[in-house]
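Colleague: Following this line is target_13.txt, made up of compact mmCIF, N, CA, C and O atoms:
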# COMPACT_ATOMS: atom_id res chain seq x y z
N MET A 1 4.53 151.10 273.40
CA MET A 1 5.73 151.33 272.63
C MET A 1 5.58 152.63 271.84
O MET A 1 4.55 152.89 271.23
N ALA A 2 6.59 153.44 271.82
CA ALA A 2 6.57 154.72 271.10
C ALA A 2 6.93 154.49 269.64
O ALA A 2 7.74 153.63 269.30
N THR A 3 6.30 155.27 268.76
CA THR A 3 6.60 155.20 267.33
C THR A 3 6.83 156.61 266.78
O THR A 3 6.38 157.59 267.36
N ARG A 4 7.52 156.66 265.67
CA ARG A 4 7.81 157.94 265.01
C ARG A 4 6.73 158.21 263.96
O ARG A 4 6.30 157.30 263.26
N LYS A 5 6.33 159.46 263.84
CA LYS A 5 5.33 159.84 262.86
C LYS A 5 5.76 161.14 262.18
O LYS A 5 6.26 162.05 262.85
N GLY A 6 5.55 161.25 260.90
CA GLY A 6 5.84 162.48 260.18
C GLY A 6 7.31 162.81 260.10
O GLY A 6 7.71 163.97 260.24
N ALA A 7 8.15 161.81 259.84
CA ALA A 7 9.60 162.05 259.76
C ALA A 7 9.93 162.95 258.57
O ALA A 7 9.38 162.79 257.48
N THR A 8 10.81 163.91 258.79
CA THR A 8 11.30 164.79 257.74
C THR A 8 12.81 164.90 257.86
O THR A 8 13.38 164.70 258.94
N SER A 9 13.46 165.23 256.77
CA SER A 9 14.91 165.41 256.77
C SER A 9 15.29 166.64 255.96
O SER A 9 14.62 166.98 254.99
N LYS A 10 16.38 167.29 256.40
CA LYS A 10 16.96 168.43 255.69
C LYS A 10 18.44 168.15 255.48
O LYS A 10 19.09 167.52 256.30
N LEU A 11 18.95 168.68 254.39
CA LEU A 11 20.38 168.65 254.11
C LEU A 11 20.87 170.08 254.20
O LEU A 11 20.34 170.96 253.53
N VAL A 12 21.86 170.31 255.06
CA VAL A 12 22.39 171.66 255.27
C VAL A 12 23.87 171.66 254.88
O VAL A 12 24.63 170.81 255.34
N ILE A 13 24.25 172.63 254.05
CA ILE A 13 25.64 172.80 253.67
C ILE A 13 26.11 174.12 254.28
O ILE A 13 25.51 175.17 254.04
N LYS A 14 27.15 174.05 255.10
CA LYS A 14 27.72 175.25 255.71
C LYS A 14 28.77 175.83 254.77
O LYS A 14 29.69 175.13 254.36
N ILE A 15 28.61 177.13 254.45
CA ILE A 15 29.47 177.82 253.50
C ILE A 15 30.23 178.92 254.22
O ILE A 15 29.64 179.70 254.97
N ALA A 16 31.53 179.01 254.01
CA ALA A 16 32.35 180.05 254.63
C ALA A 16 31.85 181.43 254.19
O ALA A 16 31.60 181.67 253.01
N ALA A 17 31.68 182.33 255.19
CA ALA A 17 31.16 183.67 254.91
C ALA A 17 32.16 184.76 255.28
O ALA A 17 31.89 185.93 255.09
N GLY A 18 33.29 184.39 255.83
CA GLY A 18 34.29 185.38 256.23
C GLY A 18 34.78 185.14 257.64
O GLY A 18 34.69 184.05 258.17
N MET A 19 35.28 186.21 258.26
CA MET A 19 35.82 186.15 259.62
C MET A 19 35.12 187.16 260.51
O MET A 19 34.74 188.24 260.03
N ASN A 20 34.97 186.82 261.78
CA ASN A 20 34.40 187.78 262.72
C ASN A 20 35.52 188.62 263.33
O ASN A 20 36.69 188.46 262.97
N ALA A 21 35.17 189.51 264.26
CA ALA A 21 36.16 190.42 264.85
C ALA A 21 37.25 189.68 265.61
O ALA A 21 38.37 190.17 265.74
N ALA A 22 36.93 188.48 266.11
CA ALA A 22 37.91 187.68 266.85
C ALA A 22 38.78 186.82 265.93
O ALA A 22 39.63 186.07 266.40
N GLY A 23 38.54 186.90 264.64
CA GLY A 23 39.34 186.12 263.69
C GLY A 23 38.85 184.71 263.47
O GLY A 23 39.54 183.91 262.84
N LYS A 24 37.66 184.39 263.97
CA LYS A 24 37.10 183.04 263.76
C LYS A 24 36.25 183.04 262.50
O LYS A 24 35.61 184.03 262.16
N ALA A 25 36.26 181.92 261.81
CA ALA A 25 35.47 181.78 260.59
C ALA A 25 33.98 181.85 260.91
O ALA A 25 33.53 181.33 261.92
N THR A 26 33.23 182.52 260.04
CA THR A 26 31.77 182.54 260.14
C THR A 26 31.20 181.81 258.94
O THR A 26 31.85 181.71 257.89
N TYR A 27 30.00 181.28 259.10
CA TYR A 27 29.38 180.47 258.06
C TYR A 27 27.95 180.91 257.80
O TYR A 27 27.26 181.38 258.69
N LYS A 28 27.52 180.72 256.56
CA LYS A 28 26.12 180.83 256.21
C LYS A 28 25.68 179.42 255.80
O LYS A 28 26.53 178.53 255.63
N GLN A 29 24.38 179.22 255.69
CA GLN A 29 23.90 177.88 255.40
C GLN A 29 23.05 177.85 254.14
O GLN A 29 22.29 178.76 253.88
N ARG A 30 23.21 176.78 253.39
CA ARG A 30 22.33 176.47 252.28
C ARG A 30 21.51 175.26 252.75
O ARG A 30 22.07 174.20 253.05
N THR A 31 20.19 175.41 252.82
CA THR A 31 19.34 174.34 253.35
C THR A 31 18.45 173.78 252.25
O THR A 31 17.79 174.52 251.53
N PHE A 32 18.44 172.46 252.15
CA PHE A 32 17.61 171.74 251.18
C PHE A 32 16.60 170.93 251.98
O PHE A 32 16.98 170.00 252.71
N THR A 33 15.33 171.29 251.88
CA THR A 33 14.29 170.65 252.67
C THR A 33 13.60 169.54 251.88
O THR A 33 13.83 169.37 250.68
N ASN A 34 12.75 168.80 252.58
CA ASN A 34 11.95 167.72 251.99
C ASN A 34 12.80 166.64 251.36
O ASN A 34 12.45 166.09 250.31
N VAL A 35 13.92 166.33 251.98
CA VAL A 35 14.77 165.23 251.52
C VAL A 35 14.19 163.94 252.10
O VAL A 35 13.75 163.90 253.25
N ASN A 36 14.17 162.90 251.32
CA ASN A 36 13.61 161.62 251.74
C ASN A 36 14.31 161.12 253.01
O ASN A 36 15.51 160.84 252.99
N PRO A 37 13.58 160.98 254.14
CA PRO A 37 14.21 160.54 255.39
C PRO A 37 14.70 159.09 255.35
O PRO A 37 15.46 158.67 256.22
N ALA A 38 14.27 158.33 254.35
CA ALA A 38 14.71 156.94 254.24
C ALA A 38 16.12 156.81 253.66
O ALA A 38 16.71 155.73 253.70
N LEU A 39 16.68 157.90 253.14
CA LEU A 39 18.04 157.85 252.60
C LEU A 39 19.04 157.53 253.70
O LEU A 39 18.88 157.96 254.84
N THR A 40 20.08 156.81 253.33
CA THR A 40 21.12 156.49 254.30
C THR A 40 22.03 157.70 254.51
O THR A 40 22.01 158.64 253.71
N ASP A 41 22.83 157.65 255.55
CA ASP A 41 23.80 158.73 255.79
C ASP A 41 24.79 158.83 254.63
O ASP A 41 25.21 159.93 254.26
N GLU A 42 25.16 157.69 254.05
CA GLU A 42 26.07 157.70 252.92
C GLU A 42 25.45 158.42 251.72
O GLU A 42 26.12 159.17 251.01
N ASP A 43 24.13 158.20 251.51
CA ASP A 43 23.43 158.89 250.42
C ASP A 43 23.42 160.39 250.67
O ASP A 43 23.65 161.18 249.76
N PHE A 44 23.13 160.80 251.92
CA PHE A 44 23.13 162.22 252.26
C PHE A 44 24.50 162.84 251.99
O PHE A 44 24.59 163.92 251.41
N LEU A 45 25.54 162.16 252.41
CA LEU A 45 26.89 162.68 252.22
C LEU A 45 27.24 162.77 250.73
O LEU A 45 27.81 163.76 250.29
N SER A 46 26.86 161.78 249.96
CA SER A 46 27.12 161.80 248.52
C SER A 46 26.42 162.98 247.85
O SER A 46 27.02 163.72 247.07
N ILE A 47 25.14 163.18 248.18
CA ILE A 47 24.38 164.30 247.61
C ILE A 47 24.98 165.62 248.09
O ILE A 47 25.16 166.56 247.31
N GLY A 48 25.31 165.69 249.39
CA GLY A 48 25.90 166.90 249.94
C GLY A 48 27.22 167.26 249.28
O GLY A 48 27.47 168.43 248.97
N ASN A 49 28.06 166.28 249.04
CA ASN A 49 29.35 166.53 248.38
C ASN A 49 29.15 167.02 246.95
O ASN A 49 29.89 167.91 246.49
N LYS A 50 28.16 166.48 246.24
CA LYS A 50 27.91 166.93 244.88
C LYS A 50 27.40 168.37 244.87
O LYS A 50 27.81 169.17 244.03
N LEU A 51 26.51 168.70 245.80
CA LEU A 51 26.02 170.08 245.89
C LEU A 51 27.13 171.03 246.36
O LEU A 51 27.22 172.17 245.91
N ALA A 52 27.98 170.56 247.27
CA ALA A 52 29.08 171.38 247.77
C ALA A 52 30.06 171.72 246.65
O ALA A 52 30.62 172.81 246.63
N ALA A 53 30.24 170.81 245.72
CA ALA A 53 31.16 171.06 244.60
C ALA A 53 30.68 172.20 243.71
O ALA A 53 31.47 172.80 243.00
N LEU A 54 29.40 172.52 243.77
CA LEU A 54 28.85 173.60 242.96
C LEU A 54 29.00 174.97 243.61
O LEU A 54 28.73 175.99 242.98
N GLN A 55 29.44 175.00 244.87
CA GLN A 55 29.56 176.26 245.60
C GLN A 55 30.87 176.95 245.24
O GLN A 55 31.90 176.31 245.06
N SER A 56 30.83 178.28 245.16
CA SER A 56 32.05 179.02 244.85
C SER A 56 32.87 179.30 246.11
O SER A 56 34.07 179.51 246.02
N GLU A 57 32.23 179.30 247.28
CA GLU A 57 32.95 179.53 248.54
C GLU A 57 33.37 178.19 249.16
O GLU A 57 32.89 177.13 248.78
N GLU A 58 34.25 178.26 250.15
CA GLU A 58 34.71 177.07 250.87
C GLU A 58 33.57 176.46 251.67
O GLU A 58 32.79 177.16 252.30
N VAL A 59 33.47 175.14 251.64
CA VAL A 59 32.43 174.42 252.38
C VAL A 59 32.99 174.03 253.74
O VAL A 59 34.06 173.44 253.85
N GLY A 60 32.24 174.40 254.79
CA GLY A 60 32.68 174.10 256.16
C GLY A 60 32.07 172.85 256.74
O GLY A 60 32.47 172.40 257.80
N GLY A 61 31.09 172.26 256.08
CA GLY A 61 30.49 171.03 256.59
C GLY A 61 29.18 170.71 255.92
O GLY A 61 28.53 171.57 255.32
N ILE A 62 28.81 169.44 256.03
CA ILE A 62 27.54 168.94 255.52
C ILE A 62 26.81 168.34 256.69
O ILE A 62 27.37 167.51 257.43
N VAL A 63 25.55 168.75 256.89
CA VAL A 63 24.78 168.34 258.08
C VAL A 63 23.46 167.72 257.65
O VAL A 63 22.80 168.21 256.74
N ARG A 64 23.09 166.66 258.35
CA ARG A 64 21.76 166.05 258.18
C ARG A 64 20.95 166.41 259.41
O ARG A 64 21.39 166.20 260.54
N GLN A 65 19.73 166.94 259.19
CA GLN A 65 18.83 167.26 260.30
C GLN A 65 17.54 166.46 260.12
O GLN A 65 16.83 166.64 259.13
N ASP A 66 17.26 165.57 261.07
CA ASP A 66 16.05 164.76 261.05
C ASP A 66 15.11 165.23 262.15
O ASP A 66 15.55 165.62 263.23
N ALA A 67 13.80 165.17 261.87
CA ALA A 67 12.80 165.51 262.86
C ALA A 67 11.59 164.58 262.69
O ALA A 67 11.27 164.16 261.57
N ALA A 68 10.94 164.26 263.80
CA ALA A 68 9.74 163.43 263.76
C ALA A 68 8.98 163.62 265.06
O ALA A 68 9.56 163.96 266.09
N SER A 69 7.69 163.38 265.00
CA SER A 69 6.88 163.37 266.21
C SER A 69 6.95 161.97 266.82
O SER A 69 6.98 160.97 266.10
N ILE A 70 6.99 161.92 268.13
CA ILE A 70 6.99 160.64 268.83
C ILE A 70 5.63 160.47 269.47
O ILE A 70 5.19 161.34 270.24
N ILE A 71 4.95 159.35 269.17
CA ILE A 71 3.63 159.12 269.74
C ILE A 71 3.60 157.75 270.42
O ILE A 71 4.35 156.85 270.06
N ALA A 72 2.73 157.64 271.43
CA ALA A 72 2.54 156.36 272.11
C ALA A 72 1.76 155.44 271.18
O ALA A 72 0.82 155.87 270.52
N GLY A 73 2.19 154.21 271.10
CA GLY A 73 1.54 153.32 270.15
C GLY A 73 1.06 152.08 270.74
O GLY A 73 1.18 151.26 271.36
Please rewrite the model in this file as structure tokens.

Modeller:
Amino acid sequence: MATRKGATSKLVIKIAAGMNAAGKATYKQRTFTNVNPALTDEDFLSIGNKLAALQSEEVGGIVRQDAASIIAG
């Protein structure tokens, strides 16, 4: 059976950065690392919304990025 080892999570907030030559919105990212991977998606969204409210630019999205090693167990 495979197990997860070394799980990590990041919270990424996409911030509007302007428009490209084609008129599409471009974004920059604010990344918060070392977030507890045991948090629920609702917790991530709540924290993301609170951090997004502090931004002066328009927020284009809140993303959760999880990573872990998979080992045979």

Colleague: Can you list, as number ranges by chain, all residues belonging to chain A that DSSP tags as helix (DSSP H, G or I)?

Modeller: A: 41-52

Colleague: Give me the residues within 6 Å of range 13-26 of chain A as a list in words, counting only C-alpha atoms and dropping any in the same chain fewer than 2 places off.

Modeller: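 Skipping anything fewer than 2 positions along the chain leaves Lys28, Gln29, Arg30, Glu58, Val59, Gly60, Gly61 and Ile62 of chain A.
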
Colleague: Which of these, A:Ala38, A:Asp66, A:Leu45, A:Gln55, has the shortest distance to Ser9 in chain A once you count only C-alpha atoms?

Modeller: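 Distance minimum relative to Ser9 in chain A lands on A:Asp66.
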
Colleague: Would you be able to write out as a compact mmCIF listing (two decimals) with N, CA, C and O atoms, keeping the file's coordinate frame which residues have an atom within 8 Å of (8.0, 166.6, 251.4) in the file's coordinates, counting all atoms listed in the file?

Modeller:
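What follows is the written file point.txt:
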# COMPACT_ATOMS: atom_id res chain seq x y z
N ALA A 7 8.15 161.81 259.84
CA ALA A 7 9.60 162.05 259.76
C ALA A 7 9.93 162.95 258.57
O ALA A 7 9.38 162.79 257.48
N THR A 8 10.81 163.91 258.79
CA THR A 8 11.30 164.79 257.74
C THR A 8 12.81 164.90 257.86
O THR A 8 13.38 164.70 258.94
N SER A 9 13.46 165.23 256.77
CA SER A 9 14.91 165.41 256.77
C SER A 9 15.29 166.64 255.96
O SER A 9 14.62 166.98 254.99
N THR A 33 15.33 171.29 251.88
CA THR A 33 14.29 170.65 252.67
C THR A 33 13.60 169.54 251.88
O THR A 33 13.83 169.37 250.68
N ASN A 34 12.75 168.80 252.58
CA ASN A 34 11.95 167.72 251.99
C ASN A 34 12.80 166.64 251.36
O ASN A 34 12.45 166.09 250.31
N VAL A 35 13.92 166.33 251.98
CA VAL A 35 14.77 165.23 251.52
C VAL A 35 14.19 163.94 252.10
O VAL A 35 13.75 163.90 253.25
N ASN A 36 14.17 162.90 251.32
CA ASN A 36 13.61 161.62 251.74
C ASN A 36 14.31 161.12 253.01
O ASN A 36 15.51 160.84 252.99

Colleague: Nearest to Arg4 in chain A among A:Leu54, A:Ile47, A:Ala67, A:Leu39, with distances taken over all atoms listed in the file: which residue is it?

Modeller: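 Looking at the shortest contact to Arg4 in chain A, the residue is A:Ala67.
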
Colleague: Give me the residues within 8 Å of Phe32 in chain A as a PyMOL selection string, counting only N, CA, C and O atoms and dropping any in the same chain fewer than 5 places off.

Modeller: chain A and resi 9-13+63+65

Colleague: Store the residues of this selection in a file with N, CA, C and O atoms, as an mmCIF file, in the coordinates of the input.

Modeller:
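That gives us result.cif:
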data_model
loop_
_atom_site.group_PDB
_atom_site.id
_atom_site.type_symbol
_atom_site.label_atom_id
_atom_site.label_comp_id
_atom_site.auth_asym_id
_atom_site.auth_seq_id
_atom_site.Cartn_x
_atom_site.Cartn_y
_atom_site.Cartn_z
ATOM 1 N N SER A 9 13.460 165.230 256.770
ATOM 2 C CA SER A 9 14.910 165.410 256.770
ATOM 3 C C SER A 9 15.290 166.640 255.960
ATOM 4 O O SER A 9 14.620 166.980 254.990
ATOM 5 N N LYS A 10 16.380 167.290 256.400
ATOM 6 C CA LYS A 10 16.960 168.430 255.690
ATOM 7 C C LYS A 10 18.440 168.150 255.480
ATOM 8 O O LYS A 10 19.090 167.520 256.300
ATOM 9 N N LEU A 11 18.950 168.680 254.390
ATOM 10 C CA LEU A 11 20.380 168.650 254.110
ATOM 11 C C LEU A 11 20.870 170.080 254.200
ATOM 12 O O LEU A 11 20.340 170.960 253.530
ATOM 13 N N VAL A 12 21.860 170.310 255.060
ATOM 14 C CA VAL A 12 22.390 171.660 255.270
ATOM 15 C C VAL A 12 23.870 171.660 254.880
ATOM 16 O O VAL A 12 24.630 170.810 255.340
ATOM 17 N N ILE A 13 24.250 172.630 254.050
ATOM 18 C CA ILE A 13 25.640 172.800 253.670
ATOM 19 C C ILE A 13 26.110 174.120 254.280
ATOM 20 O O ILE A 13 25.510 175.170 254.040
ATOM 21 N N VAL A 63 25.550 168.750 256.890
ATOM 22 C CA VAL A 63 24.780 168.340 258.080
ATOM 23 C C VAL A 63 23.460 167.720 257.650
ATOM 24 O O VAL A 63 22.800 168.210 256.740
ATOM 25 N N GLN A 65 19.730 166.940 259.190
ATOM 26 C CA GLN A 65 18.830 167.260 260.300
ATOM 27 C C GLN A 65 17.540 166.460 260.120
ATOM 28 O O GLN A 65 16.830 166.640 259.130
#

Colleague: Quick one: residues within 12 Å of Gly73 in chain A, only C-alpha atoms, excluding same-chain residues fewer than 3 positions away - as an MDAnalysis selection string?

Modeller: chainID A and resid 1:5 70

Colleague: As JSON, please report the centre and edge lengths, rounded to one decimal in Å, of the axis-aligned box that holds all listed atoms of range 40-50 of chain A with 5 Å of padding on each of the six sides.

Modeller:
{"center_x": 25.0, "center_y": 162.8, "center_z": 249.9, "size_x": 19.8, "size_y": 22.7, "size_z": 21.8}

Colleague: Distance CA of Ala52 in chain A-CA of Thr31 in chain A, one decimal place?

Modeller: 11.6 Å

Colleague: Identify which of the residues A:Asp43, A:Glu57, A:Pro37, A:Gly6 lies closest to Ile71 in chain A, counting only C-alpha atoms when measuring atom-to-atom distances.

Modeller: A:Gly6

Colleague: Please measure the separation of atom O of Leu51 in chain A and CA of Ala68 in chain A, giving the value in Å to one decimal.

Modeller: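 Separation of atom O of Leu51 in chain A and CA of Ala68 in chain A: 26.5 Å.
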
Colleague: For atom C of Ser56 in chain A and atom N of Asp41 in chain A, quote the distance in Å rounded to one decimal.

Modeller: 25.7 Å

Colleague: For the strand (DSSP E) assignment from backbone DSSP, which residues of chain A qualify? Please present them as a ChimeraX atom specification.

Modeller: /A:2-19,25-35,59-72
